[in-house]
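Step one of this worksheet: look at the structure below.
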Amino acid sequence: MFIHDTLLNRLKRGCETMAYPQGAPPALPDRHGGALRVEAAKCQTGCAACVAVCPTEAITRPPNQPVALDLGRCIFCAECVKTCPTGAITQTGDHRLAVRRRDDLVLGDAGKEQLRLAAALDEKLRRLFGRSLKLRQVSAGGCAACEADTNVLGTIGWDLGRFGIQFVASPRHADGLLITGPVSKNMELALKKTWDAVPPPKLVIAVGACAIAGGPFVGHPQVNNGAGALVPVDLFIPGCPPHPLTILDGLLRLLGRLEESGRKT
Amino acid sequence: MNLSPLALLLQTLLLLLLAPLLSGVIKNWKAKLQNRRGPPPWQVYFDIAKFLRKDMVISEHASWVFSFAPYVVFLTALLTGLMVPMINTPAPLSLFGGVLAVVGLLALGRFFLALGGLDPASAFGGMGSSREMTIAAIAEPALMLAIFTVAITAGSTDLSRIAESTQGATWKLLNPAHVLAFAALFIVLLAETGRIPVDNPATHLELTMIHEAMLLEYSGRYLAFMEWGASIKQLVLMTLLINVFFPIGLAGPGASAAAFGISLLAYLAKLLALSAAVVVVETTNAKMRLFRAPDLLSAAFVLATLALLSTFLFH
Amino acid sequence: MNEFSATLLTFALGAYVAGMVGALLFQRAERLANVIGFGLATAGGVCGVISFASALATGAATVSRSFELFPSLIPYVRFSIHADALGCFFGLIISLLAVALSIYSLGYARGYYGHKNVGALAALFNALLLATTLVFLADHALFFLIAWEIMALSAYCLVSFEHEHEETRDAGVLYFVMSHIGTACLILGFLLLFQASGSYGFDSFHALGDNMPAGQRNAVFLLFLFGFGVKAGMVPLHIWLPAAHPVAPSNVSALMSGVLIKTGIYGMTRVFFDFMGAPPNWWGVTVLTIGTISAVLGVLFALMEHDLKRLLAYHSIENIGIILMGLGAALMFLHSGHPALASLALIAGLYHTINHAVFKALLFLGAGAILHATHTRNMEEMGGLIKRMPKTAVCFLIGAVAISALPPLNGFVSEWLTYQSLLQGFGTTTSLIRLMFPLSGAMLALTGALAAACFVKAFGITFLAQPRSEHARQAHEAPFTMLLGQGILTAACVFLGLFPALFLKLFDPLTQQLTGQQLSQQLSTANGLVLSGVAAHGGTVSTLGLTLMLLCLLPVPLVLCLLFARRSKTRIAPTWDCGQRGLTPQMEYTATGFSKPIRMIFKTLFRPHREVQREYDFSPYFATTIRFESHVEEVFQTRIYRPLKWLVLRASRRLRALQAGSLQAYLIYIFVTLLLLLLFAL
């Protein structure tokens with residue numbers, strides 16, 4: 001009997017949701033290097049090797065200026081890490097990548113070797129959304145890898161619902177948008193209308209290199225180079241695509257839910 | 001009738017506070033049965049509190065009916081709750097109406113809910129309204145026949161009388177008419193509260209929505225009242241089911257405080273048991289295609305007719 | 001009936017006559033004819049309401065009164081009326097409707113200035129009111145039939161008022177034919193009664209059924225059931241209703257649906273309860289079954305309609321079914337010797353009669369206002385009218401809530417009484433027949449829920465969302481008199497719903513006369529605020545209490561808003577369209593689409609037929625034109641009436657052989673008939 005099988009299965013396998021954030025986060029896969037760290041002090045004068053190899057032109061080194069790596073444009077291919085002769089750019093293996101401000105993603109300057117991670121929302125918004133956040137996902141013309149990794153947060157291993165975060169169908173029910181994709185010209189109107197349809201107060205979370213700065217499609221005439229061109233973004237989660245752990249970390253960080261689990265942030 | 005302000009106030013508070021908790025418990029247990037943690041049972045409180053505080057966006061095509069509907073849905077659900085015996089009989093407003101008035105008031109709420117779905121000129125809302133009214137219409141005969149069976153055995157449509165008539169001899173709870181009527185009403189409960197297999201309350205696909213589709217345009221406090229009203233309606237229907245068919249431990253008029261305490265605990269236990277049944281049905285079934293729903297509700301009608309016929313055996 | 005009421009009654013009848021004559025005299029001066037005709041009808045209605053209401057209120061002993069209207073020169077015919085409780089009750093219904101409808105017509109008839117004869121409309125309207133009132137009050141079988149015929153004829157003239165449309169002409173003829181088939185049965189029935197009693201006066205018919213042999217009694221029952229059933233519009237004799245009511249001018253449709261079909265109910269009540277004495281059980285079972293079937297089929301067909309007035313016409317069939325359920329149950333209780341329950345069922349049926357008259361007339365007046373503003377009856381072309389006709393919308397909404405039997409309005413009260421009588425009926429007998437009661441109750445519940453679905457559709461598609469046509473966009477509110485007429489009926493709906501106990505007192509003389517019981521004391525408790533069933537500790541309901549409690553609970557959401565939502569703002573924005581360019585009226589839900597699930601579920605009954613044709617240039621996925629046609633089979637026409645008509649025509653073609661045209665043949669016919677009659681007389 002189906003009911004019998006279901007109950008038996010449940011008793012045998014128990015709860016399969018991971019312990020994080022009450023326990024350790026799951027290990028990142030080997031190929032995932034985590035966040036990058038840029039120490040401009042280690043750069044050789046006149047060396048622009050990393051600038052040449054970056055496929056999305058995320059690294060700039062204006063003459064007589066320190067190197068600047070924009071993690072918002074970075075697709076984490078790690079070519080620059082391999083190319084750099086002095087090891088100025090390194091992979092930290094840290095899954096935490098979410099930031100609140102766009103310029104917090106530009107690494108390189110003194111004091112900005114690593115990301116300044118996202119602070120929680122202000123008191124008023126945290127009281128409103130802290131325990132109940134409903135997001136409307138807008139897929140704005142990308143490759144759907146970010147959508148897939150966001151979708152996986154709803155499965156029983158990650159179980160986004162236990163934090164009170166939920167994806168909803170109608171923007172009227174939503175507290176914010178979760179945007180993926182570089183916002184192609186065809187999706188411009190749709191994104192604007194979805195944003196207008198959400199009742200205030202509202203948030204925007206840009207997930208993935210495309211949504212932050214256009215990703216691999218940067219500079220193309222048919223894209224808007226990220227959601228920031230159309231709507232005000234409150235949380236940037238870089239990656240191509242960001243690991244579900246990174247996305248989850250970003251969301252919980254935004255809501256201030258990580259402090260209470262006792263983990264060091 | 002127990003029209004004391006204290007009884008009214010207490011029952012109102014119980015309805016308002018218990019309804020979201022019940023929805024939350026069902027969601028949580030569904031998640032647990034699916035091998036995941038799920039949102040905590042008090043999650044719905046947070047959702048409602050948030051919706052109440054948010055701004056609203058209203059369609060330019062909507063009229064005053066759109067704004068009126070959430071209040072009607074909320075108030076009719078609350079009023080029916082006061083007419084149903086929860087922890088003691090008689091219910092505070094039992095003089096104002098029995099089971100027919102309860103069904104009528106819930107129908108009034110549904111009428112305005114459906115109008116609210118049509119008002120913003122959205123095709124999804126119209127679809128939701130159409131399906132909701134259809135499902136309600138084909139569920140009515142089974143509902144009425146099961147209620148009639150119970151009312152006939154009790155000799156009255158007054159809910160307190162019906163509950164009292166089943167008390168006493170415990171073997172009465174297992175007579176065939178009783179069991180069949182309960183089965184019929186359980187299926188109608190699933191239909192009226194929008195649960196799988198009739199409607200999926202957690203779906204995001206508009207074409208599979210029935211109840212949710214009518215709420216797509218609602219935001220802010222209107223949405224809060226709609227959701228709260230729906231959960232109160234769910235609580236009322238479940239209370240009806242458990243106190244009419246299993247009124248064990250239900251305190252009578254003029255009961256002592258201890259009896260009240262026992263009644264409250266018994267009530268919560270029965271509610272949780274019924275929720276468990278709903279959770280198991282929801283988890284082990286898939287949502288039926290809309291045009292298969294009449295088959296399910298016809299089965300409920302047949303069960304109710306059998307219940308009626310079996311009253312012959314015991315009369 | 002005291003002198004005061006009698007005088008008012010005379011005034012009322014006189015006002016109708018004066019209105020008729022005056023409107024005809026001033027035909028050329030349209031405005032004058034309008035004001036005189038409908039103004040006098042209003043006056044007549046007001047006098048009638050006061051007269052009948054006060055007569056009923058004075059109580060059982062003093063209600064009846066006989067009048068000889070004028071001496072008759074025709075042998076066998078006596079023009080006398082007898083205002084007893086039953087007659088006064090139905091007279092009250094028609095007078096109330098006369099007031100509201102005449103006021104409404106003052107504004108409505110203005111739409112006919114210039115192209116139709118308003119004087120004729122007003123005159124015929126008064127004639128109809130007069131004839132119907134006389135039908136309710138007539139005391140003599142032949143006078144009854146004369147008034148009945150005048151009523152049918154004036155109704156026919158009014159239905160065919162806009163005879164320039166072929167649809168109207170066909171509907172009028174169908175109505176005429178069906179009406180006369182019914183009248184033929186009535187004549188036969190009255191002749192049988194005459195045979196049994198020796199006189200045509202109604203006073204000689206009281207409890208006549210007890211003295212008649214069973215065969216004759218059953219024949220009388222069937223004849224009157226058929227004859228009055230045609231008029232009432234019960235299934236399967238209803239086909240004229242959805243044809244005639246939509247094409248008539250809206251004030252006439254309201255009067256027809258509100259009162260004319262109730263003459264059938266009056267007739268049945270008069271014959272079955274007054275004339276027939278103690279009925280056998282199968283009478284009640286038949287009426288109950290026919291009532292249940294009419295109710296369910298009526299509402300199912302109504303759901304398929306997108307012509308607003310046809311939809312309302314089918315709902316009339318449904319409500320007649322509900323009334324018949326009450327009457328059928330009452331007959332069964334009379335047979336099994338439960339006069340109190342019989343009174344309850346009778347009260348339920350008759351209360352539903354007045355409720356239906358009021359809310360159906362209200363809905364038709366609303367439909368008339370919409371027709372006046374948008375020039376169409378087709379719901380698929382309406383929409384958004386709530387913003388352009390706000391007051392009509394409120395009145396229509398109240399009518400819709402009332403007809404869907406939702407608390408706290410009047411439809412709920414009469415259905416509650418019907419449910420109570422059906423429930424308590426289960427205990428009256430031990431035979432298997434008692435299963436009919438709960439099953440009828442379940443079907444009544446189905447009807448109520450389907451009616452609610454239908455009126456969500458009717459109100460929602462017509463008034464809500466965006467306008468679907470230019471006419472709807474340009475619609476304007478109805479003039480004051482039309483709104484006043486609707487307002488009177490809205491107030492009546494609310495009054496009958498919230499204060500049933502007050503109104504129940506008027507039923508005492510009625511039930512006293514027909515079943516020998518007075519129930520209003522038993523039915524109302526707690527100082528008349530609560531309605532209760534007949535059995536001790538039976539259910540109770542208080543619509544007033546429910547309304548007051550709803551108002552008392554209103555602070556709950558308001559306080560919550562105050563606590564949490566004080567600083568939240570509201571913004572008006574376009575409807576969520578999934579990010580597309582914008583919603584057009586064509587994207588809204590349609591009436592046909594709304595009822596599709598019902599159409600699919602009951603497709604054995606409806607046999608829907610659907611055809612899609614598309615024209616395309618290079619690919620069928622990019623069509624240049626799409627033509628969609630969908631219709632539902634009219635089962636009664638195709639399966640009963642058309643074969644019947646074919647049979648009759650075939651038989652008459654055969655019989656035509658008799659009319660050979662030869663004089664000799666005709667002389668032989670006369671000779672043979674004479675011979676047979678002489679032998680028969682011997």
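Following the order of the structure tokens, first chain is A, next is B, and so on, with residues numbered from 1 inside each chain and ligands from 1 in the order they appear.
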I'd like a table as JSON lines: residues in chain A with an atom no more than 6 Å from chain B, each row giving the shortest atom pair and its distance in Å to one decimal, only C-alpha atoms counted, sorted by chain and rising residue number.
{"residue": "A:Gly14", "atom": "CA", "partner": "B:Asn35", "partner_atom": "CA", "distance": 6.0}
{"residue": "A:Cys15", "atom": "CA", "partner": "B:Asn35", "partner_atom": "CA", "distance": 4.5}
{"residue": "A:Glu16", "atom": "CA", "partner": "B:Asn35", "partner_atom": "CA", "distance": 5.5}
{"residue": "A:Thr17", "atom": "CA", "partner": "B:Arg36", "partner_atom": "CA", "distance": 5.2}
{"residue": "A:Leu128", "atom": "CA", "partner": "B:Lys50", "partner_atom": "CA", "distance": 5.7}
{"residue": "A:Ser132", "atom": "CA", "partner": "B:Asp47", "partner_atom": "CA", "distance": 5.6}
{"residue": "A:Ile156", "atom": "CA", "partner": "B:Arg36", "partner_atom": "CA", "distance": 5.0}
{"residue": "A:Gly161", "atom": "CA", "partner": "B:Pro39", "partner_atom": "CA", "distance": 5.3}
{"residue": "A:Arg162", "atom": "CA", "partner": "B:Pro39", "partner_atom": "CA", "distance": 3.8}
{"residue": "A:Gly164", "atom": "CA", "partner": "B:Pro39", "partner_atom": "CA", "distance": 6.0}
{"residue": "A:Ala169", "atom": "CA", "partner": "B:His204", "partner_atom": "CA", "distance": 5.1}
{"residue": "A:Ser170", "atom": "CA", "partner": "B:Leu216", "partner_atom": "CA", "distance": 5.7}
{"residue": "A:Arg172", "atom": "CA", "partner": "B:Ser219", "partner_atom": "CA", "distance": 5.2}
{"residue": "A:His173", "atom": "CA", "partner": "B:Ser219", "partner_atom": "CA", "distance": 5.7}
{"residue": "A:Pro199", "atom": "CA", "partner": "B:Met56", "partner_atom": "CA", "distance": 5.5}
{"residue": "A:Pro200", "atom": "CA", "partner": "B:Asp55", "partner_atom": "CA", "distance": 5.6}
For N, CA and C atoms, I'd like the residues from the last selection saved as a PDB file, in the first residue's frame.
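again_13.pdb was written with the following content:
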ATOM      1  N   GLY A  14      14.594   8.949   7.626  1.00  0.00           N
ATOM      2  CA  GLY A  14      14.639  10.076   8.541  1.00  0.00           C
ATOM      3  C   GLY A  14      14.682  11.408   7.817  1.00  0.00           C
ATOM      4  N   CYS A  15      15.007  12.447   8.574  1.00  0.00           N
ATOM      5  CA  CYS A  15      15.015  13.786   7.999  1.00  0.00           C
ATOM      6  C   CYS A  15      16.299  13.988   7.218  1.00  0.00           C
ATOM      7  N   GLU A  16      16.181  14.340   5.964  1.00  0.00           N
ATOM      8  CA  GLU A  16      17.376  14.441   5.125  1.00  0.00           C
ATOM      9  C   GLU A  16      17.835  15.870   4.906  1.00  0.00           C
ATOM     10  N   THR A  17      17.277  16.796   5.651  1.00  0.00           N
ATOM     11  CA  THR A  17      17.728  18.183   5.486  1.00  0.00           C
ATOM     12  C   THR A  17      19.052  18.363   6.201  1.00  0.00           C
ATOM     13  N   LEU A 128      10.426  43.218   9.478  1.00  0.00           N
ATOM     14  CA  LEU A 128       9.348  42.862   8.557  1.00  0.00           C
ATOM     15  C   LEU A 128       9.633  41.531   7.859  1.00  0.00           C
ATOM     16  N   SER A 132       9.906  35.988   7.438  1.00  0.00           N
ATOM     17  CA  SER A 132       8.996  35.628   6.352  1.00  0.00           C
ATOM     18  C   SER A 132       9.372  36.437   5.135  1.00  0.00           C
ATOM     19  N   ILE A 156      14.746  18.755  -0.616  1.00  0.00           N
ATOM     20  CA  ILE A 156      14.682  18.380   0.796  1.00  0.00           C
ATOM     21  C   ILE A 156      16.034  18.479   1.490  1.00  0.00           C
ATOM     22  N   GLY A 161      12.416  26.464   2.808  1.00  0.00           N
ATOM     23  CA  GLY A 161      11.196  26.823   3.515  1.00  0.00           C
ATOM     24  C   GLY A 161      11.364  26.922   5.023  1.00  0.00           C
ATOM     25  N   ARG A 162      12.359  26.186   5.573  1.00  0.00           N
ATOM     26  CA  ARG A 162      12.478  26.205   7.022  1.00  0.00           C
ATOM     27  C   ARG A 162      12.906  27.552   7.561  1.00  0.00           C
ATOM     28  N   GLY A 164      11.517  30.285   6.433  1.00  0.00           N
ATOM     29  CA  GLY A 164      10.440  31.212   6.141  1.00  0.00           C
ATOM     30  C   GLY A 164      10.614  31.900   4.812  1.00  0.00           C
ATOM     31  N   ALA A 169       4.292  32.791  -6.817  1.00  0.00           N
ATOM     32  CA  ALA A 169       3.945  32.954  -8.222  1.00  0.00           C
ATOM     33  C   ALA A 169       3.588  34.387  -8.568  1.00  0.00           C
ATOM     34  N   SER A 170       2.895  35.066  -7.667  1.00  0.00           N
ATOM     35  CA  SER A 170       2.407  36.396  -8.014  1.00  0.00           C
ATOM     36  C   SER A 170       3.296  37.453  -7.366  1.00  0.00           C
ATOM     37  N   ARG A 172       2.489  40.236  -6.467  1.00  0.00           N
ATOM     38  CA  ARG A 172       1.738  40.911  -5.416  1.00  0.00           C
ATOM     39  C   ARG A 172       1.930  40.254  -4.063  1.00  0.00           C
ATOM     40  N   HIS A 173       2.248  38.969  -4.076  1.00  0.00           N
ATOM     41  CA  HIS A 173       2.456  38.250  -2.818  1.00  0.00           C
ATOM     42  C   HIS A 173       3.909  38.344  -2.372  1.00  0.00           C
ATOM     43  N   PRO A 199       4.415  45.043  -4.048  1.00  0.00           N
ATOM     44  CA  PRO A 199       4.084  46.153  -3.146  1.00  0.00           C
ATOM     45  C   PRO A 199       5.292  46.507  -2.269  1.00  0.00           C
ATOM     46  N   PRO A 200       5.508  47.782  -2.029  1.00  0.00           N
ATOM     47  CA  PRO A 200       6.617  48.168  -1.158  1.00  0.00           C
ATOM     48  C   PRO A 200       6.312  47.781   0.282  1.00  0.00           C
TER      49      PRO A 200
END
Distance query Pro479 (chain C) at most 9 Å, only C-alpha atoms, self and fewer than 6 positions along chain excluded, as a PyMOL selection string: chain C and resi 107-108+369
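Counting only C-alpha atoms, the residue from C:Ile572, C:Met587, C:Met482, C:Leu560 that sits nearest to chain A is C:Ile572.
Within 6 Å of region 63-79 of chain A, once only C-alpha atoms are used and residues closer than 6 positions along the same chain are dropped, the contacting residues are Ala40, Leu105, Val106, Leu107, Gly108, Ala209, Ile212, Ala213, Gly215, Pro238, Gly239 and Cys240 of chain A.
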Those selected residues, please, written with C-alpha atoms and delivered as a compact mmCIF listing (two decimals), in the first residue's frame.
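The file below, selection.txt, is the result:
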# COMPACT_ATOMS: atom_id res chain seq x y z
CA ALA A 40 47.67 44.32 -5.24
CA LEU A 105 32.70 43.61 -5.18
CA VAL A 106 35.76 45.41 -6.53
CA LEU A 107 38.86 43.93 -4.93
CA GLY A 108 42.44 45.06 -5.11
CA ALA A 209 27.46 37.35 -12.86
CA ILE A 212 25.17 41.80 -11.54
CA ALA A 213 27.05 43.01 -14.58
CA GLY A 215 28.34 38.07 -17.20
CA PRO A 238 28.39 36.71 -7.56
CA GLY A 239 29.19 33.41 -9.23
CA CYS A 240 28.68 31.71 -12.53
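Comparing C:Phe38, C:Phe136, C:Phe205, C:Trp148 by their smallest distance to Leu121 (chain C), the closest is C:Phe38 (using only C-alpha atoms).
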How close does each residue of chain C get to chain A, giving the shortest atom pair and distance in Å to one decimal for every residue with an atom at most 9 Å away, counting only C-alpha atoms, sorted by chain and residue number, as JSON lines?
{"residue": "C:Ser568", "atom": "CA", "partner": "A:Pro200", "partner_atom": "CA", "distance": 8.9}
{"residue": "C:Lys569", "atom": "CA", "partner": "A:Pro200", "partner_atom": "CA", "distance": 8.7}
{"residue": "C:Thr570", "atom": "CA", "partner": "A:Pro199", "partner_atom": "CA", "distance": 8.6}
{"residue": "C:Arg571", "atom": "CA", "partner": "A:Pro199", "partner_atom": "CA", "distance": 8.3}
{"residue": "C:Ala573", "atom": "CA", "partner": "A:Ala197", "partner_atom": "CA", "distance": 7.3}
{"residue": "C:Pro574", "atom": "CA", "partner": "A:Ala197", "partner_atom": "CA", "distance": 8.0}
{"residue": "C:Thr575", "atom": "CA", "partner": "A:Ala197", "partner_atom": "CA", "distance": 8.3}
{"residue": "C:Trp576", "atom": "CA", "partner": "A:Ala197", "partner_atom": "CA", "distance": 6.7}
{"residue": "C:Asp577", "atom": "CA", "partner": "A:Lys193", "partner_atom": "CA", "distance": 8.6}
{"residue": "C:Cys578", "atom": "CA", "partner": "A:Ala190", "partner_atom": "CA", "distance": 7.2}
{"residue": "C:Gly579", "atom": "CA", "partner": "A:Ala190", "partner_atom": "CA", "distance": 3.9}
{"residue": "C:Gln580", "atom": "CA", "partner": "A:Ala190", "partner_atom": "CA", "distance": 6.2}
{"residue": "C:Arg581", "atom": "CA", "partner": "A:Leu189", "partner_atom": "CA", "distance": 7.8}
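For the set B:Ala77, B:Ala19, B:Met144, B:Val198, the residue with the smallest atom-to-atom gap to chain C is B:Met144, counting only C-alpha atoms.
With distances restricted to only C-alpha atoms, B:Leu308 is the closest residue to chain C from B:Leu6, B:Leu308, B:Leu297, B:Ile232.
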Shell of 7 Å around Phe628 (chain C), only C-alpha atoms, local chain residues under 3 positions omitted, as a ChimeraX atom specification: /C:611-613
Strand (DSSP E) call set, DSSP backbone run, region 12-257 of chain A, as a ChimeraX atom specification: /A:36-38,59-60,68-70,89-91,106-107,133-139,165-167,176-180,203-207,235-237
Could you give me, as a ChimeraX atom specification, the residues within 10 Å of region 334-347 of chain C, counting only C-alpha atoms and dropping anything in the same chain fewer than 2 positions from it? /C:269,273,277-284,323-332,349-353,414,417-422,424-425,428-429,504,507-508,510-512,514-520,522-523,533-535
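The smallest atom-to-atom distance between chain C and any of B:Ala307, B:Met238, B:Ala277, B:Leu264, using only C-alpha atoms, is found for B:Ala307.
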Helix (DSSP H, G or I) positions in region 122-220 of chain B, given as a PyMOL selection string: chain B and resi 123-154+159-166+170-174+176-192+206-208+211-214+220
